[in-house]
Structure formats: C-alpha cells, structure tokens
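model03.cif (mmCIF, C-alpha atoms) appears below.
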data_entry
loop_
_atom_site.label_atom_id
_atom_site.label_comp_id
_atom_site.auth_asym_id
_atom_site.auth_seq_id
_atom_site.Cartn_x
_atom_site.Cartn_y
_atom_site.Cartn_z
CA PRO A 1 11.43 -1.94 17.79
CA ASP A 2 13.48 -3.81 20.41
CA ALA A 3 10.52 -6.09 21.05
CA GLY A 4 10.92 -7.58 17.58
CA ILE A 5 7.23 -7.34 16.73
CA ASN A 6 7.37 -4.72 13.98
CA VAL A 7 7.06 -5.38 10.25
CA ALA A 8 10.81 -5.30 9.56
CA ALA A 9 11.59 -7.71 12.40
CA ARG A 10 8.86 -10.11 11.28
CA LEU A 11 10.17 -10.10 7.71
CA THR A 12 13.74 -10.63 8.91
CA ASP A 13 12.51 -13.61 10.92
CA VAL A 14 10.99 -15.14 7.77
CA ARG A 15 14.35 -14.75 6.01
CA ASP A 16 16.25 -16.26 8.92
CA LYS A 17 13.92 -19.24 9.08
CA TYR A 18 14.43 -19.82 5.34
CA VAL A 19 18.20 -19.66 5.78
CA ARG A 20 18.01 -22.40 8.42
CA LEU A 21 15.68 -24.49 6.25
CA ALA A 22 17.99 -24.21 3.24
CA ALA A 23 20.57 -26.29 5.10
CA THR A 24 18.04 -29.08 5.72
CA PRO A 25 15.15 -28.67 3.21
CA GLU A 26 13.52 -31.98 4.18
CA SER A 27 13.06 -31.00 7.85
CA ASN A 28 9.37 -30.89 8.73
CA ILE A 29 10.11 -28.88 11.87
CA LEU A 30 12.04 -26.20 9.96
CA GLN A 31 9.34 -26.10 7.27
CA THR A 32 6.76 -25.44 9.97
CA ASP A 33 9.02 -22.78 11.51
CA VAL A 34 8.98 -20.92 8.18
CA LEU A 35 5.19 -21.04 8.06
CA ILE A 36 4.90 -19.78 11.63
CA ALA A 37 7.24 -16.88 10.87
CA ALA A 38 5.38 -16.13 7.62
CA ASP A 39 2.04 -16.17 9.44
CA GLU A 40 3.38 -13.75 12.08
CA PHE A 41 4.63 -11.44 9.32
CA ALA A 42 1.26 -11.51 7.56
CA ARG A 43 -0.57 -10.96 10.85
CA THR A 44 1.62 -7.96 11.69
CA MET A 45 1.04 -6.48 8.23
CA ARG A 46 -2.72 -6.82 8.70
CA ASP A 47 -2.56 -5.28 12.17
CA VAL A 48 -0.57 -2.27 10.98
CA SER A 49 -2.84 -1.83 7.96
CA ARG A 50 -5.93 -1.98 10.19
CA THR A 51 -4.39 0.57 12.56
CA ILE A 52 -3.76 2.97 9.67
CA LEU A 53 -7.33 2.56 8.44
CA ASP A 54 -8.82 2.96 11.92
CA THR A 55 -6.75 6.09 12.39
CA ARG A 56 -7.98 7.57 9.10
CA ASN A 57 -11.57 6.99 10.18
CA ALA A 58 -10.89 8.51 13.60
CA VAL A 59 -9.30 11.53 11.93
CA ASP A 60 -12.33 11.96 9.66
CA SER A 61 -14.64 11.80 12.68
CA GLU A 62 -12.52 14.40 14.48
CA LEU A 63 -12.61 16.51 11.33
CA SER A 64 -16.40 16.57 11.55
CA GLN A 65 -16.17 17.86 15.12
CA SER A 66 -13.70 20.55 14.08
CA ILE A 67 -15.94 21.66 11.20
CA ALA A 68 -18.84 21.88 13.67
CA GLY A 69 -16.63 24.02 15.90
CA MET A 70 -15.76 26.19 12.91
CA ASN A 71 -19.46 26.81 12.20
CA SER A 72 -20.08 27.57 15.86
CA PHE A 73 -17.37 30.25 15.90
CA LEU A 74 -18.66 31.76 12.65
CA SER A 75 -22.18 31.91 14.11
CA GLN A 76 -20.87 33.64 17.24
CA ILE A 77 -18.94 36.12 15.12
CA GLU A 78 -22.07 36.90 13.07
CA THR A 79 -24.14 37.63 16.18
CA LEU A 80 -21.46 39.76 17.82
CA ASP A 81 -20.58 41.57 14.60
CA SER A 82 -24.16 42.78 14.10
CA GLN A 83 -24.33 43.90 17.74
CA ILE A 84 -21.06 45.81 17.38
CA ILE A 85 -22.25 47.62 14.24
CA LEU A 86 -25.50 48.59 15.97
CA ALA A 87 -23.64 49.81 19.06
CA LYS A 88 -21.28 51.90 16.92
CA GLN A 89 -24.21 53.46 15.08
CA LYS A 90 -25.77 54.44 18.41
CA GLY A 91 -22.48 55.81 19.67
CA SER A 92 -22.40 53.29 22.46
CA GLY A 93 -19.28 51.50 23.71
CA ALA A 94 -18.65 48.15 22.06
CA GLY A 95 -15.39 47.18 23.72
CA GLU A 96 -16.73 44.12 25.54
CA LEU A 97 -18.50 42.87 22.41
CA GLU A 98 -15.34 43.35 20.37
CA ASP A 99 -13.36 41.38 22.93
CA GLN A 100 -15.86 38.55 22.67
CA ARG A 101 -15.73 38.62 18.88
CA ASP A 102 -11.91 38.67 18.94
CA ALA A 103 -11.95 35.61 21.19
CA ALA A 104 -14.19 33.80 18.69
CA ILE A 105 -11.88 34.82 15.85
CA VAL A 106 -8.89 33.46 17.77
CA GLY A 107 -10.80 30.20 18.32
CA LEU A 108 -11.55 30.00 14.61
CA SER A 109 -7.91 30.67 13.70
CA LYS A 110 -6.83 27.70 15.80
CA LEU A 111 -9.00 25.47 13.63
CA VAL A 112 -7.98 26.84 10.24
CA GLU A 113 -5.75 29.57 8.83
CA ILE A 114 -7.82 32.70 8.14
CA ARG A 115 -7.50 36.32 7.08
CA VAL A 116 -9.44 39.07 8.87
CA LEU A 117 -10.38 42.43 7.36
CA ARG A 118 -11.51 45.09 9.84
CA ARG A 119 -13.76 47.89 8.57
CA ASN A 120 -14.35 51.42 9.81
CA ASP A 121 -17.91 50.63 10.86
CA GLY A 122 -16.56 48.09 13.36
CA SER A 123 -17.44 45.04 11.28
CA VAL A 124 -15.07 42.36 10.06
CA ALA A 125 -14.83 40.10 7.03
CA ILE A 126 -13.16 36.70 7.24
CA THR A 127 -11.75 34.51 4.49
CA THR A 128 -9.64 31.39 4.29
CA ALA A 129 -5.93 31.88 3.66
CA SER A 130 -6.64 31.41 -0.05
CA GLY A 131 -9.39 34.04 -0.08
CA VAL A 132 -12.60 32.01 0.07
CA GLY A 133 -15.20 33.99 2.03
CA LEU A 134 -16.33 32.58 5.36
CA PHE A 135 -17.97 35.65 6.87
CA ASP A 136 -19.06 39.07 5.66
CA LYS A 137 -22.08 40.26 7.61
CA VAL A 138 -23.44 36.72 7.21
CA ALA A 139 -21.67 33.52 8.24
CA GLN A 140 -21.20 30.88 5.57
CA THR A 141 -21.99 27.31 6.57
CA VAL A 142 -19.15 24.86 6.10
CA ASN A 143 -20.40 21.35 5.37
CA HIS A 144 -18.70 18.03 5.94
CA ARG A 145 -20.30 14.59 5.86
CA SER A 146 -18.28 11.92 7.59
CA THR A 147 -18.37 8.57 5.78
CA PRO A 148 -16.70 5.19 6.40
CA ILE A 149 -13.24 5.13 4.81
CA ASP A 150 -11.65 2.00 3.37
CA HIS A 151 -8.24 1.37 1.79
CA THR A 152 -9.39 2.69 -1.59
CA SER A 153 -11.01 5.88 -0.27
CA PHE A 154 -9.64 9.23 -1.40
CA HIS A 155 -10.70 12.83 -1.92
CA ARG A 156 -10.58 14.46 -5.31
CA THR A 157 -12.43 17.51 -6.58
CA SER A 158 -12.95 16.51 -10.22
CA PRO A 159 -13.96 13.89 -10.94
CA PRO A 160 -15.09 13.50 -7.32
CA GLY A 161 -13.39 10.93 -5.13
CA SER A 162 -15.07 8.55 -2.71
CA ILE A 163 -14.56 10.82 0.34
CA PRO A 164 -17.19 13.61 0.39
CA ALA A 165 -15.86 17.12 -0.04
CA ILE A 166 -15.85 19.85 2.58
CA THR A 167 -17.99 22.56 1.00
CA VAL A 168 -19.13 26.10 1.61
CA GLY A 169 -22.15 27.85 0.12
CA GLU A 170 -25.61 26.75 -0.96
CA GLY A 171 -27.19 25.48 -4.17
CA SER A 172 -25.38 26.43 -7.36
CA SER A 173 -22.77 28.39 -5.37
CA VAL A 174 -21.51 25.36 -3.45
CA ARG A 175 -17.72 25.18 -3.57
CA ASP A 176 -15.35 22.36 -2.64
CA ILE A 177 -12.80 23.87 -0.26
CA THR A 178 -11.20 20.65 0.99
CA SER A 179 -7.87 21.16 -0.73
CA ILE A 180 -7.58 24.85 0.20
CA LEU A 181 -8.19 24.56 3.94
CA SER A 182 -4.74 24.87 5.49
CA GLY A 183 -3.17 25.47 8.86
CA GLY A 184 -4.70 24.92 12.27
CA ARG A 185 -6.28 21.72 13.47
CA ILE A 186 -8.37 21.20 10.34
CA GLY A 187 -5.37 21.57 8.04
CA GLY A 188 -3.45 19.05 10.13
CA LEU A 189 -6.32 16.56 10.12
CA LEU A 190 -6.74 16.84 6.35
CA ALA A 191 -3.01 16.28 5.82
CA LEU A 192 -3.23 13.13 7.94
CA ARG A 193 -6.39 11.78 6.32
CA ASP A 194 -5.58 12.55 2.68
CA ASP A 195 -1.76 12.51 2.47
CA GLU A 196 0.28 11.06 5.31
CA LEU A 197 -1.79 8.02 6.29
CA PRO A 198 -2.59 7.01 2.65
CA ARG A 199 1.14 7.25 1.86
CA MET A 200 1.92 4.94 4.79
CA GLN A 201 -0.75 2.52 3.57
CA ALA A 202 0.65 2.62 0.02
CA GLU A 203 4.15 1.84 1.28
CA LEU A 204 2.81 -1.07 3.33
CA ASP A 205 0.78 -2.43 0.38
CA ASN A 206 3.82 -2.17 -1.87
CA LEU A 207 5.94 -4.08 0.64
CA ALA A 208 3.30 -6.80 0.88
CA PHE A 209 3.16 -7.13 -2.89
CA GLN A 210 6.93 -7.10 -3.36
CA VAL A 211 7.41 -9.86 -0.78
CA GLU A 212 4.65 -11.96 -2.32
CA ALA A 213 5.95 -11.42 -5.87
CA ARG A 214 9.54 -12.22 -4.88
CA MET A 215 8.47 -15.55 -3.40
CA ARG A 216 6.27 -16.35 -6.39
CA SER A 217 9.12 -15.59 -8.82
CA ASN A 218 11.08 -18.30 -7.02
CA GLY A 219 8.30 -20.80 -7.63
CA THR A 220 6.68 -20.58 -4.19
CA THR A 221 3.26 -19.05 -3.57
CA LEU A 222 3.80 -18.39 0.12
CA PHE A 223 1.46 -15.39 0.50
CA THR A 224 -1.98 -14.76 -0.99
CA LYS A 225 -5.01 -12.55 -0.64
CA ALA A 226 -7.67 -13.30 1.97
CA ASP A 227 -9.04 -16.22 -0.08
CA GLY A 228 -5.82 -18.16 0.57
CA VAL A 229 -5.34 -18.86 -3.14
CA SER A 230 -5.02 -15.80 -5.37
CA ALA A 231 -2.45 -13.01 -5.48
CA PRO A 232 -2.84 -9.48 -6.86
CA PRO A 233 -1.42 -8.70 -10.32
CA GLY A 234 1.58 -6.42 -10.57
CA ILE A 235 -0.16 -3.09 -11.11
CA PRO A 236 -0.40 -0.59 -8.23
CA THR A 237 -4.18 -0.20 -8.38
CA ALA A 238 -4.59 -3.97 -8.06
CA TYR A 239 -2.74 -4.34 -4.76
CA VAL A 240 -4.22 -1.36 -2.93
CA GLY A 241 -5.17 -2.72 0.49
CA PHE A 242 -3.24 -5.96 -0.01
CA ALA A 243 -1.41 -5.50 3.30
CA GLY A 244 -4.79 -5.56 5.03
CA GLU A 245 -5.61 -9.07 3.81
CA ILE A 246 -2.27 -10.81 3.15
CA ARG A 247 -2.11 -14.33 4.56
CA VAL A 248 -0.14 -17.53 4.17
CA ALA A 249 -1.39 -19.60 1.23
CA GLN A 250 -3.83 -22.30 2.27
CA ALA A 251 -1.93 -24.92 0.25
CA MET A 252 1.19 -24.20 2.34
CA MET A 253 -0.75 -24.51 5.57
CA ASP A 254 -2.21 -27.82 4.42
CA ASP A 255 1.14 -29.22 3.26
CA PRO A 256 4.24 -27.59 4.85
CA ARG A 257 6.49 -29.57 2.49
CA LEU A 258 5.61 -27.06 -0.24
CA VAL A 259 7.80 -24.51 1.57
CA SER A 260 10.77 -26.55 0.32
CA LEU A 261 9.23 -28.07 -2.79
CA GLY A 262 7.45 -25.05 -4.25
CA ASP A 263 4.22 -24.96 -6.23
CA ARG A 264 5.29 -27.56 -8.75
CA GLY A 265 6.52 -30.06 -6.18
CA GLN A 266 10.13 -29.50 -7.24
CA GLU A 267 12.72 -28.54 -4.66
CA VAL A 268 13.30 -24.78 -4.64
CA LEU A 269 15.73 -24.83 -1.72
CA SER A 270 19.16 -26.34 -1.88
#

Same coordinates, now as structure tokens:
Amino acid sequence: PDAGINVAARLTDVRDKYVRLAATPESNILQTDVLIAADEFARTMRDVSRTILDTRNAVDSELSQSIAGMNSFLSQIETLDSQIILAKQKGSGAGELEDQRDAAIVGLSKLVEIRVLRRNDGSVAITTASGVGLFDKVAQTVNHRSTPIDHTSFHRTSPPGSIPAITVGEGSSVRDITSILSGGRIGGLLALRDDELPRMQAELDNLAFQVEARMRSNGTTLFTKADGVSAPPGIPTAYVGFAGEIRVAQAMMDDPRLVSLGDRGQEVLS
C-alpha cells in the first residue's frame, strides 16, 4: 500500500489531478495529467482483475490434482481393505495392513472432511461429511474436469453453471457433490474458486462501474469498455468483468480538452 500502486491509491490520484485541473480547466498539461492518472487507474484495475482470474484458474487446476489424489487414496484403501478382510478370515495378523490403510485414510482426510465407519470384520466404510458414500468395499471414482474459467464462469447444480461439477458415481447414479465437499484442501480450494475470488471480482467490477457511471453522470465519458467507446448499462449482469477491460475513452485520448469540456464540448469543470 505504501508504494501507492494499489487501486485505492490510483483512484485517489485521479481525484487529486481533477482537483488541480479544476483551478485551471484550460491547462493542457493538467488535462494530460488527469488522463495519465486515469490510464494508470484503469491499468491497475485490469491487472488486479487478471490476477484474480489467473488465480481462479490456478485453483481449479490444483483442484484437479487434489481430486486425483483423493481417487488414489480411495484406490489404496480398497486394495488394503480387501487384504485386511481376507487376513482376518484366515486368522492371520493384519496390523501392518491396517496401519497402511489408516495412513491412506489420514491422507484422504487432509484433502476433504470424511466420516469413517469401522466394522467387526475389519473393513471400513467412508463417506463425505454430509453422508455421500466414497468407499464401501468398492471405491467410488470422483470426477472433475478442469476447464478454462473466465469472469462469467460459475458453478451451479441446477440449472448447471459453466464450471463442470465434481461428481461421484456412474451412469444414471452420477451425483454432483461440488457443493457438499467441505473441509481439507479440496474444501478450501472450492471456497476460493466459487466464493471468495468471485466476490473479490464482483467488488472490483462494481467499483469500475460506479467510477465510470459517476463520471458519465457529470457529462464526461472518461472510462469505457475495451472498445474505447461504449460503457456497460447499469445492471449487475451487464458489468461482470468490466474491471478486466476498463480503459480511458479513445475520444479523451485523442482530445485531452474533453477532460475539461465534457462530451458535449461544454465546460464541466469550474
């Protein structure tokens, strides 16, 4: 923050440059100073927006790795569980196998919150914290398909969102378990991808829109979408991702006098 390169500092700089220009609206130098500050603000907004989006994609990629790890642990548990049952039936010692299975269960629990039921025959059953079966003699396969995420991407069960669901089961028994996976690394990654980072993006988009709309209400189209001309309408769904493309209006860049004169060529600063 002390470096003065964050969003708040950039926006404050735009305000300060306007305050100086208000005293001498005809100054070409001060008009240009406003445009430079506005361009830095827009650039910072785009950089932060891109960072949020890149982070969401990185989180989704890491989520795929964690789901693969989850399936690996479940496969290990299946193999060891069947060996333990067989050893118990033969009256042989199964302590070492049980230790190995317990280690796999611990590994699985670090990825996602689970419940473990231990049976008298030495076997175990494993469910998610909400009771969805992951293992009972046979390991269920958890599926996740990583896909590129953009500013509009979201997960929803019904109707389905644009981010593929994490599912368990096969065929007609496939179940979307995305929203019920909690705790552990997977729960944390899902909270980041689907809640925390989208909320940060929404706040940034709203700031971008509010700044643009405030300037436009004063008769000055200072900021636009990537085309340098248009601005999003005032409904939330219309300015999703606006922070990722906000820029200084091309007309302002071509004629800095419009900073003082406004869109209609009439002085808006006095």

(request) Excluding A:Thr152 and any residue of its chain fewer than 6 positions from it, enumerate the residues within 10 Å of it, using all atoms listed in the file, and give them as a PyMOL selection string. (result) chain A and resi 161-163+198+237+240-241

(message) Set the distance at 7 Å and use all atoms listed in the file: which residues neighbour A:Val7 once local chain neighbours fewer than 4 positions away are removed? I'd like the list as a ChimeraX atom specification.
(response) /A:11,41,44-45

(request) Determine the residue membership of the PyMOL selection byres ((chain A and resi 62-72) around 10) for the file above and supply it as a ChimeraX atom specification. (result) /A:56-61,73-78,104-105,107-112,134,139-146,166,185-190,193

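The interatomic distance for the pair atom CA of A:Lys225 and atom CA of A:Phe242 works out to 6.9 Å.
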
(message) When you count all atoms listed in the file, which of these residues is closest to A:Arg43: A:Val124, A:Ala202, A:Ala251, A:Ile5?
(response)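 Result for the nearest residue to A:Arg43: A:Ile5.
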
(request) Using the chain letters and numbering of this document, enumerate as JSON, numbers by chain the residues selected by the PyMOL selection byres ((chain A and resi 248) around 8). (result) {"A": [35, 38, 39, 42, 222, 223, 224, 228, 246, 247, 249, 250, 252, 253]}

Now that the selection is made, can you save its residues with C-alpha atoms as a CSV table (one decimal), in the frame of the given file?
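The file below, out_15.csv, is the result:
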chain,number,residue,atom,x,y,z
A,35,LEU,CA,5.2,-21.0,8.1
A,38,ALA,CA,5.4,-16.1,7.6
A,39,ASP,CA,2.0,-16.2,9.4
A,42,ALA,CA,1.3,-11.5,7.6
A,222,LEU,CA,3.8,-18.4,0.1
A,223,PHE,CA,1.5,-15.4,0.5
A,224,THR,CA,-2.0,-14.8,-1.0
A,228,GLY,CA,-5.8,-18.2,0.6
A,246,ILE,CA,-2.3,-10.8,3.2
A,247,ARG,CA,-2.1,-14.3,4.6
A,249,ALA,CA,-1.4,-19.6,1.2
A,250,GLN,CA,-3.8,-22.3,2.3
A,252,MET,CA,1.2,-24.2,2.3
A,253,MET,CA,-0.8,-24.5,5.6

(request) Within 12 Å of A:Thr157, counting only C-alpha atoms, which residues show up once you throw out same-chain ones fewer than 2 positions away? Write them as a list in words, please. (result) Phe154, His155, Pro159, Pro160, Gly161, Ser162, Ile163, Pro164, Ala165, Ile166, Thr167, Arg175, Asp176, Ile177, Thr178, Ser179 and Ile180 of chain A

Step by step, gather every atom of stretch 170-187 of chain A that the file lists, find the box along x, y and z that holds them, add 4 Å on each side, and finally give centre and edge lengths in Å to one decimal, as lines of an AutoDock Vina configuration file.
center_x = -15.2
center_y = 24.5
center_z = 3.1
size_x = 32.0
size_y = 15.7
size_z = 28.8

(request) In the coordinates of the file, take the point (-17.4, 53.9, 9.5) and a cut-off of 9 Å; then, counting all atoms listed in the file, name each qualifying protein, DNA or RNA residue as a PyMOL selection string. (result) chain A and resi 88-89+119-122

Any chance you could model N, CA, C and O atoms for stretch 225-251 of chain A and send them as an mmCIF file, in the coordinates of the input?
data_model
loop_
_atom_site.group_PDB
_atom_site.id
_atom_site.type_symbol
_atom_site.label_atom_id
_atom_site.label_comp_id
_atom_site.auth_asym_id
_atom_site.auth_seq_id
_atom_site.Cartn_x
_atom_site.Cartn_y
_atom_site.Cartn_z
ATOM 1 N N LYS A 225 -3.950 -13.420 -1.133
ATOM 2 C CA LYS A 225 -5.010 -12.550 -0.640
ATOM 3 C C LYS A 225 -5.823 -13.316 0.404
ATOM 4 O O LYS A 225 -5.501 -14.453 0.744
ATOM 5 N N ALA A 226 -6.892 -12.709 0.872
ATOM 6 C CA ALA A 226 -7.670 -13.300 1.970
ATOM 7 C C ALA A 226 -8.258 -14.657 1.608
ATOM 8 O O ALA A 226 -8.542 -15.468 2.505
ATOM 9 N N ASP A 227 -8.443 -14.937 0.309
ATOM 10 C CA ASP A 227 -9.040 -16.220 -0.080
ATOM 11 C C ASP A 227 -8.078 -17.390 0.073
ATOM 12 O O ASP A 227 -8.469 -18.551 -0.061
ATOM 13 N N GLY A 228 -6.796 -17.095 0.359
ATOM 14 C CA GLY A 228 -5.820 -18.160 0.570
ATOM 15 C C GLY A 228 -5.305 -18.788 -0.696
ATOM 16 O O GLY A 228 -4.502 -19.729 -0.646
ATOM 17 N N VAL A 229 -5.720 -18.254 -1.865
ATOM 18 C CA VAL A 229 -5.340 -18.860 -3.140
ATOM 19 C C VAL A 229 -4.724 -17.846 -4.101
ATOM 20 O O VAL A 229 -3.640 -18.050 -4.633
ATOM 21 N N SER A 230 -5.425 -16.740 -4.324
ATOM 22 C CA SER A 230 -5.020 -15.800 -5.370
ATOM 23 C C SER A 230 -4.074 -14.721 -4.843
ATOM 24 O O SER A 230 -3.994 -14.454 -3.651
ATOM 25 N N ALA A 231 -3.357 -14.113 -5.795
ATOM 26 C CA ALA A 231 -2.450 -13.010 -5.480
ATOM 27 C C ALA A 231 -2.751 -11.860 -6.432
ATOM 28 O O ALA A 231 -3.197 -12.083 -7.556
ATOM 29 N N PRO A 232 -2.528 -10.619 -6.000
ATOM 30 C CA PRO A 232 -2.840 -9.480 -6.860
ATOM 31 C C PRO A 232 -1.860 -9.375 -8.021
ATOM 32 O O PRO A 232 -0.679 -9.705 -7.874
ATOM 33 N N PRO A 233 -2.332 -8.925 -9.190
ATOM 34 C CA PRO A 233 -1.420 -8.700 -10.320
ATOM 35 C C PRO A 233 -0.502 -7.520 -10.047
ATOM 36 O O PRO A 233 -0.753 -6.723 -9.142
ATOM 37 N N GLY A 234 0.538 -7.414 -10.841
ATOM 38 C CA GLY A 234 1.580 -6.420 -10.570
ATOM 39 C C GLY A 234 1.312 -5.030 -11.066
ATOM 40 O O GLY A 234 2.173 -4.420 -11.692
ATOM 41 N N ILE A 235 0.134 -4.499 -10.813
ATOM 42 C CA ILE A 235 -0.160 -3.090 -11.110
ATOM 43 C C ILE A 235 -0.622 -2.435 -9.813
ATOM 44 O O ILE A 235 -1.389 -3.024 -9.049
ATOM 45 N N PRO A 236 -0.128 -1.228 -9.526
ATOM 46 C CA PRO A 236 -0.400 -0.590 -8.230
ATOM 47 C C PRO A 236 -1.864 -0.570 -7.813
ATOM 48 O O PRO A 236 -2.185 -0.824 -6.654
ATOM 49 N N THR A 237 -2.765 -0.271 -8.753
ATOM 50 C CA THR A 237 -4.180 -0.200 -8.380
ATOM 51 C C THR A 237 -4.734 -1.549 -7.950
ATOM 52 O O THR A 237 -5.725 -1.612 -7.231
ATOM 53 N N ALA A 238 -4.088 -2.629 -8.375
ATOM 54 C CA ALA A 238 -4.590 -3.970 -8.060
ATOM 55 C C ALA A 238 -4.207 -4.418 -6.664
ATOM 56 O O ALA A 238 -4.876 -5.276 -6.078
ATOM 57 N N TYR A 239 -3.122 -3.884 -6.108
ATOM 58 C CA TYR A 239 -2.740 -4.340 -4.760
ATOM 59 C C TYR A 239 -2.956 -3.271 -3.697
ATOM 60 O O TYR A 239 -2.383 -3.347 -2.616
ATOM 61 N N VAL A 240 -3.804 -2.306 -3.976
ATOM 62 C CA VAL A 240 -4.220 -1.360 -2.930
ATOM 63 C C VAL A 240 -4.965 -2.143 -1.848
ATOM 64 O O VAL A 240 -5.909 -2.884 -2.134
ATOM 65 N N GLY A 241 -4.525 -2.012 -0.616
ATOM 66 C CA GLY A 241 -5.170 -2.720 0.490
ATOM 67 C C GLY A 241 -4.692 -4.145 0.684
ATOM 68 O O GLY A 241 -5.187 -4.850 1.580
ATOM 69 N N PHE A 242 -3.707 -4.579 -0.121
ATOM 70 C CA PHE A 242 -3.240 -5.960 -0.010
ATOM 71 C C PHE A 242 -2.666 -6.267 1.369
ATOM 72 O O PHE A 242 -2.841 -7.361 1.905
ATOM 73 N N ALA A 243 -1.996 -5.287 1.975
ATOM 74 C CA ALA A 243 -1.410 -5.500 3.300
ATOM 75 C C ALA A 243 -2.494 -5.796 4.347
ATOM 76 O O ALA A 243 -2.218 -6.426 5.368
ATOM 77 N N GLY A 244 -3.704 -5.342 4.076
ATOM 78 C CA GLY A 244 -4.790 -5.560 5.030
ATOM 79 C C GLY A 244 -5.415 -6.935 4.947
ATOM 80 O O GLY A 244 -6.246 -7.285 5.792
ATOM 81 N N GLU A 245 -5.021 -7.734 3.947
ATOM 82 C CA GLU A 245 -5.610 -9.070 3.810
ATOM 83 C C GLU A 245 -4.579 -10.173 3.572
ATOM 84 O O GLU A 245 -4.931 -11.341 3.506
ATOM 85 N N ILE A 246 -3.304 -9.809 3.445
ATOM 86 C CA ILE A 246 -2.270 -10.810 3.150
ATOM 87 C C ILE A 246 -2.296 -11.943 4.171
ATOM 88 O O ILE A 246 -2.488 -11.720 5.369
ATOM 89 N N ARG A 247 -2.145 -13.153 3.688
ATOM 90 C CA ARG A 247 -2.110 -14.330 4.560
ATOM 91 C C ARG A 247 -1.245 -15.400 3.916
ATOM 92 O O ARG A 247 -0.879 -15.302 2.741
ATOM 93 N N VAL A 248 -0.909 -16.411 4.699
ATOM 94 C CA VAL A 248 -0.140 -17.530 4.170
ATOM 95 C C VAL A 248 -1.071 -18.386 3.311
ATOM 96 O O VAL A 248 -2.217 -18.648 3.681
ATOM 97 N N ALA A 249 -0.577 -18.803 2.156
ATOM 98 C CA ALA A 249 -1.390 -19.600 1.230
ATOM 99 C C ALA A 249 -1.941 -20.846 1.927
ATOM 100 O O ALA A 249 -1.232 -21.515 2.693
ATOM 101 N N GLN A 250 -3.187 -21.156 1.640
ATOM 102 C CA GLN A 250 -3.830 -22.300 2.270
ATOM 103 C C GLN A 250 -3.123 -23.602 1.911
ATOM 104 O O GLN A 250 -2.996 -24.513 2.741
ATOM 105 N N ALA A 251 -2.632 -23.696 0.676
ATOM 106 C CA ALA A 251 -1.930 -24.920 0.250
ATOM 107 C C ALA A 251 -0.694 -25.164 1.109
ATOM 108 O O ALA A 251 -0.367 -26.313 1.451
#
